[in-house]
Amino acid sequence: MERFGKSFTQQEPISEAGITRAVEVLRSGRLHRYNVDPGETGSVAALERAFADYIGQPYCLAVTSGGQAMQIALRAAGIGPGDRVLTNAFTLAPVPGAIALVGAVPVLVETTDQLRPDLADLESKAYGAGAKALLLSNMRGHLPDMAAVTAICARHDLILIEDCAHTMGATWKGRSSGTFGLAGCFSTQTYKHMNSGEGGLLVASDAGFMARATMLSGSYMMYARHGAGPADADFDSAKYQMPNGSARMDAVRAAILLDQIASMPDRIKRWNALYQAAAVGFATIPGVTLPRRPQEEGFVGSSIQFLVGPDWTPGRCRAFIAACAARGVELKWFGAAAPHGFTSRFDHWRFAPQAPLPRTSAVLARLFDMRLPLTFTPADCTLIAQIIAEETAHATEAA
């Protein structure tokens, strides 16, 4: 049987321009974002300006991680101890973790088999849970109906903060993900759409909010050295009220990221070609379904998800994963009883209140997930789909 030989975690190399810029920073010794000469624009400030322009927001703040971007956004929005914050039940642990880390209480919303939040459950919990905010996680790049989400938030006076770790460059009806609420939070961790190892970007259009966020990130009184920050007058209150969280992005990471913004359109096109090749192959597999991609959604296909039938038992799922792995295909399964690697599910997060989520549980029990790094080709994705088809047939025969 044919075996796939490439790594699912191998990213493309950093560009020569990015390497050159990073080496220049290292040779200068000035790695701290505020260590710049008078009138000089450092690489972090340049990154903030470039990313704000790319997303279409006036303000951008560069921080140490996507998780820090979410925590800072929540705190700058006035979320604190005891406040209830809605978020998806299908997401990764740093999302409810950000809520818990500001002392708030995560309230988890059911997920549909399209891997989007159940909007009826969202509305019900917005009304019944006394929630103050929605931290919307666009998990694995699946955008919900953003008009419906913003309408629910308006009806229930919810602050909307978007977790866009998987939707950098994505759009809904042509509007950039991360621009629908008070703030958009992005990640530049290695497996996201821009790669600096770790890193985060926070965008907004509200000057007061961004002034508070900037102080929380650890700007001291250096806020004028930001590339896409509010005016000095907007800091008059924030500089006395916000604690310093020391979550600043350093100049090396910003230097690595700068030219990745310009190459995003090309990389999105390539990701979507990989996704399409895999999706065409998956469409021929009996019993396997893919989440629907709405016409309004401009997605970034950096990963692909599929669901098997409800008759698949945990033992069958585990055997399927092992068989695919033996042929070089690395899958993640959200139905495992214990967290594994980066993958966990809502009932593993003991820091959040536990409540039955039957619809989400039924979906996660049969949900598989696979990265599509840009080191793959469409032909690779065709082969991967063939291997998955063969192993799905073997699993069905063995059941």
# chains A, B, ... in the order shown; residues from 1 in each chain; ligands from 1
>>> residues_around(residues="A:Pro117", least_positions_apart="6", cutoff="6 Å", atoms="only C-alpha atoms", output="NGL selection string")
:A and (88 or 110-111)
>>> write_last_selection(atoms="N, CA and C atoms", output="compact mmCIF listing (two decimals), in the first residue's frame")
# COMPACT_ATOMS: atom_id res chain seq x y z
N ASN A 88 -17.39 29.35 21.97
CA ASN A 88 -17.70 28.08 21.33
C ASN A 88 -17.28 26.90 22.20
N GLU A 110 -23.17 25.43 22.22
CA GLU A 110 -23.20 24.23 21.40
C GLU A 110 -22.65 24.50 19.98
N THR A 111 -22.12 23.43 19.38
CA THR A 111 -21.56 23.49 18.03
C THR A 111 -22.37 22.59 17.09
>>> select_by_dssp(residues="stretch 218-377 of chain A", states="strand (DSSP E)", output="compact mmCIF listing (two decimals) with N, CA and C atoms, in the first residue's frame")
# COMPACT_ATOMS: atom_id res chain seq x y z
N GLU A 297 -18.63 33.15 2.61
CA GLU A 297 -17.38 32.98 3.34
C GLU A 297 -16.19 32.92 2.38
N GLY A 298 -15.23 33.83 2.57
CA GLY A 298 -13.96 33.72 1.89
C GLY A 298 -12.99 33.07 2.84
N SER A 303 -6.37 23.99 6.84
CA SER A 303 -6.63 22.68 7.43
C SER A 303 -7.96 22.19 6.86
N ILE A 304 -8.23 20.91 7.05
CA ILE A 304 -9.50 20.37 6.57
C ILE A 304 -10.06 19.43 7.63
N GLN A 305 -11.39 19.44 7.76
CA GLN A 305 -12.06 18.61 8.75
C GLN A 305 -13.09 17.72 8.04
N PHE A 306 -13.29 16.53 8.58
CA PHE A 306 -14.34 15.66 8.04
C PHE A 306 -14.96 14.86 9.17
N LEU A 307 -16.22 14.47 8.94
CA LEU A 307 -16.95 13.68 9.92
C LEU A 307 -17.27 12.31 9.34
N LYS A 332 -5.98 14.29 13.59
CA LYS A 332 -6.37 14.56 14.97
C LYS A 332 -7.84 14.19 15.11
N TRP A 333 -8.19 13.70 16.30
CA TRP A 333 -9.56 13.27 16.58
C TRP A 333 -10.03 13.96 17.84
N LEU A 367 -15.41 13.57 14.64
CA LEU A 367 -14.74 14.64 13.90
C LEU A 367 -13.23 14.41 13.82
N PHE A 368 -12.72 14.45 12.59
CA PHE A 368 -11.28 14.34 12.36
C PHE A 368 -10.78 15.63 11.70
N ASP A 369 -9.51 15.92 11.96
CA ASP A 369 -8.93 17.20 11.58
C ASP A 369 -7.53 16.94 11.01
N MET A 370 -7.15 17.70 9.97
CA MET A 370 -5.86 17.48 9.34
C MET A 370 -5.27 18.80 8.86
N ARG A 371 -4.02 19.04 9.18
CA ARG A 371 -3.32 20.22 8.68
C ARG A 371 -3.01 20.09 7.20
>>> atom_distance(atom1="atom CA of A:Phe186", atom2="atom CA of A:Ala126")
24.5 Å
>>> residues_around(residues="A:Arg318", least_positions_apart="5", cutoff="9 Å", atoms="only C-alpha atoms", output="PDB file with C-alpha atoms, in the first residue's frame")
ATOM      1  CA  THR A 313     -17.234   3.665  17.930  1.00  0.00           C
ATOM      2  CA  ALA A 323      -3.872   2.833  10.403  1.00  0.00           C
ATOM      3  CA  TRP A 333      -9.560  13.270  16.575  1.00  0.00           C
ATOM      4  CA  ALA A 336     -10.563  11.068  22.532  1.00  0.00           C
TER       5      ALA A 336
END
>>> atom_distance(atom1="atom CA of A:Ala154", atom2="atom CA of A:Gly103")
24.2 Å
>>> atom_distance(atom1="atom CA of A:Leu143", atom2="atom CA of A:Glu296")
9.4 Å
>>> closest_atom_pairs(of="stretch 148-219 of chain A", to="stretch 240-245 of chain A", cutoff="12 Å", atoms="only C-alpha atoms", output="CSV")
residue,atom,partner,partner_atom,distance
A:Gly208,CA,A:Met242,CA,11.9
A:Phe209,CA,A:Met242,CA,11.2
A:Met210,CA,A:Met242,CA,11.6
A:Ala211,CA,A:Met242,CA,9.4
A:Arg212,CA,A:Met242,CA,6.3
A:Ala213,CA,A:Met242,CA,8.3
A:Thr214,CA,A:Met242,CA,9.1
A:Met215,CA,A:Met242,CA,6.0
A:Leu216,CA,A:Asn244,CA,4.9
A:Ser217,CA,A:Gly245,CA,5.2
A:Gly218,CA,A:Asn244,CA,4.6
A:Ser219,CA,A:Asn244,CA,7.4
>>> write_last_selection(atoms="N, CA and C atoms", output="short mmCIF file (atom, residue, chain, number, x, y, z; two decimals), in the first residue's frame")
data_model
loop_
_atom_site.label_atom_id
_atom_site.label_comp_id
_atom_site.auth_asym_id
_atom_site.auth_seq_id
_atom_site.Cartn_x
_atom_site.Cartn_y
_atom_site.Cartn_z
N GLY A 208 -10.15 54.45 22.63
CA GLY A 208 -10.06 54.24 24.06
C GLY A 208 -9.73 52.80 24.41
N PHE A 209 -10.40 51.88 23.72
CA PHE A 209 -10.11 50.46 23.92
C PHE A 209 -8.64 50.16 23.61
N MET A 210 -8.14 50.66 22.47
CA MET A 210 -6.77 50.33 22.09
C MET A 210 -5.76 51.00 23.00
N ALA A 211 -6.08 52.16 23.54
CA ALA A 211 -5.18 52.78 24.52
C ALA A 211 -5.06 51.90 25.76
N ARG A 212 -6.19 51.38 26.24
CA ARG A 212 -6.15 50.48 27.41
C ARG A 212 -5.37 49.21 27.09
N ALA A 213 -5.61 48.64 25.90
CA ALA A 213 -4.90 47.43 25.50
C ALA A 213 -3.40 47.67 25.41
N THR A 214 -3.00 48.80 24.88
CA THR A 214 -1.58 49.13 24.72
C THR A 214 -0.90 49.23 26.09
N MET A 215 -1.55 49.88 27.04
CA MET A 215 -0.99 49.97 28.38
C MET A 215 -0.91 48.58 29.02
N LEU A 216 -1.92 47.75 28.83
CA LEU A 216 -1.92 46.39 29.38
C LEU A 216 -0.79 45.55 28.78
N SER A 217 -0.44 45.82 27.52
CA SER A 217 0.62 45.03 26.88
C SER A 217 2.01 45.35 27.43
N GLY A 218 2.11 46.46 28.18
CA GLY A 218 3.40 46.81 28.77
C GLY A 218 4.12 47.92 28.06
N SER A 219 3.38 48.96 27.66
CA SER A 219 4.01 50.03 26.90
C SER A 219 4.73 51.05 27.79
#
>>> select_by_dssp(residues="stretch 102-263 of chain A", states="helix (DSSP H, G or I)", output="PyMOL selection string")
chain A and resi 119-128+139-141+146-155+207-217+223-225+232-235+238-241+251-262
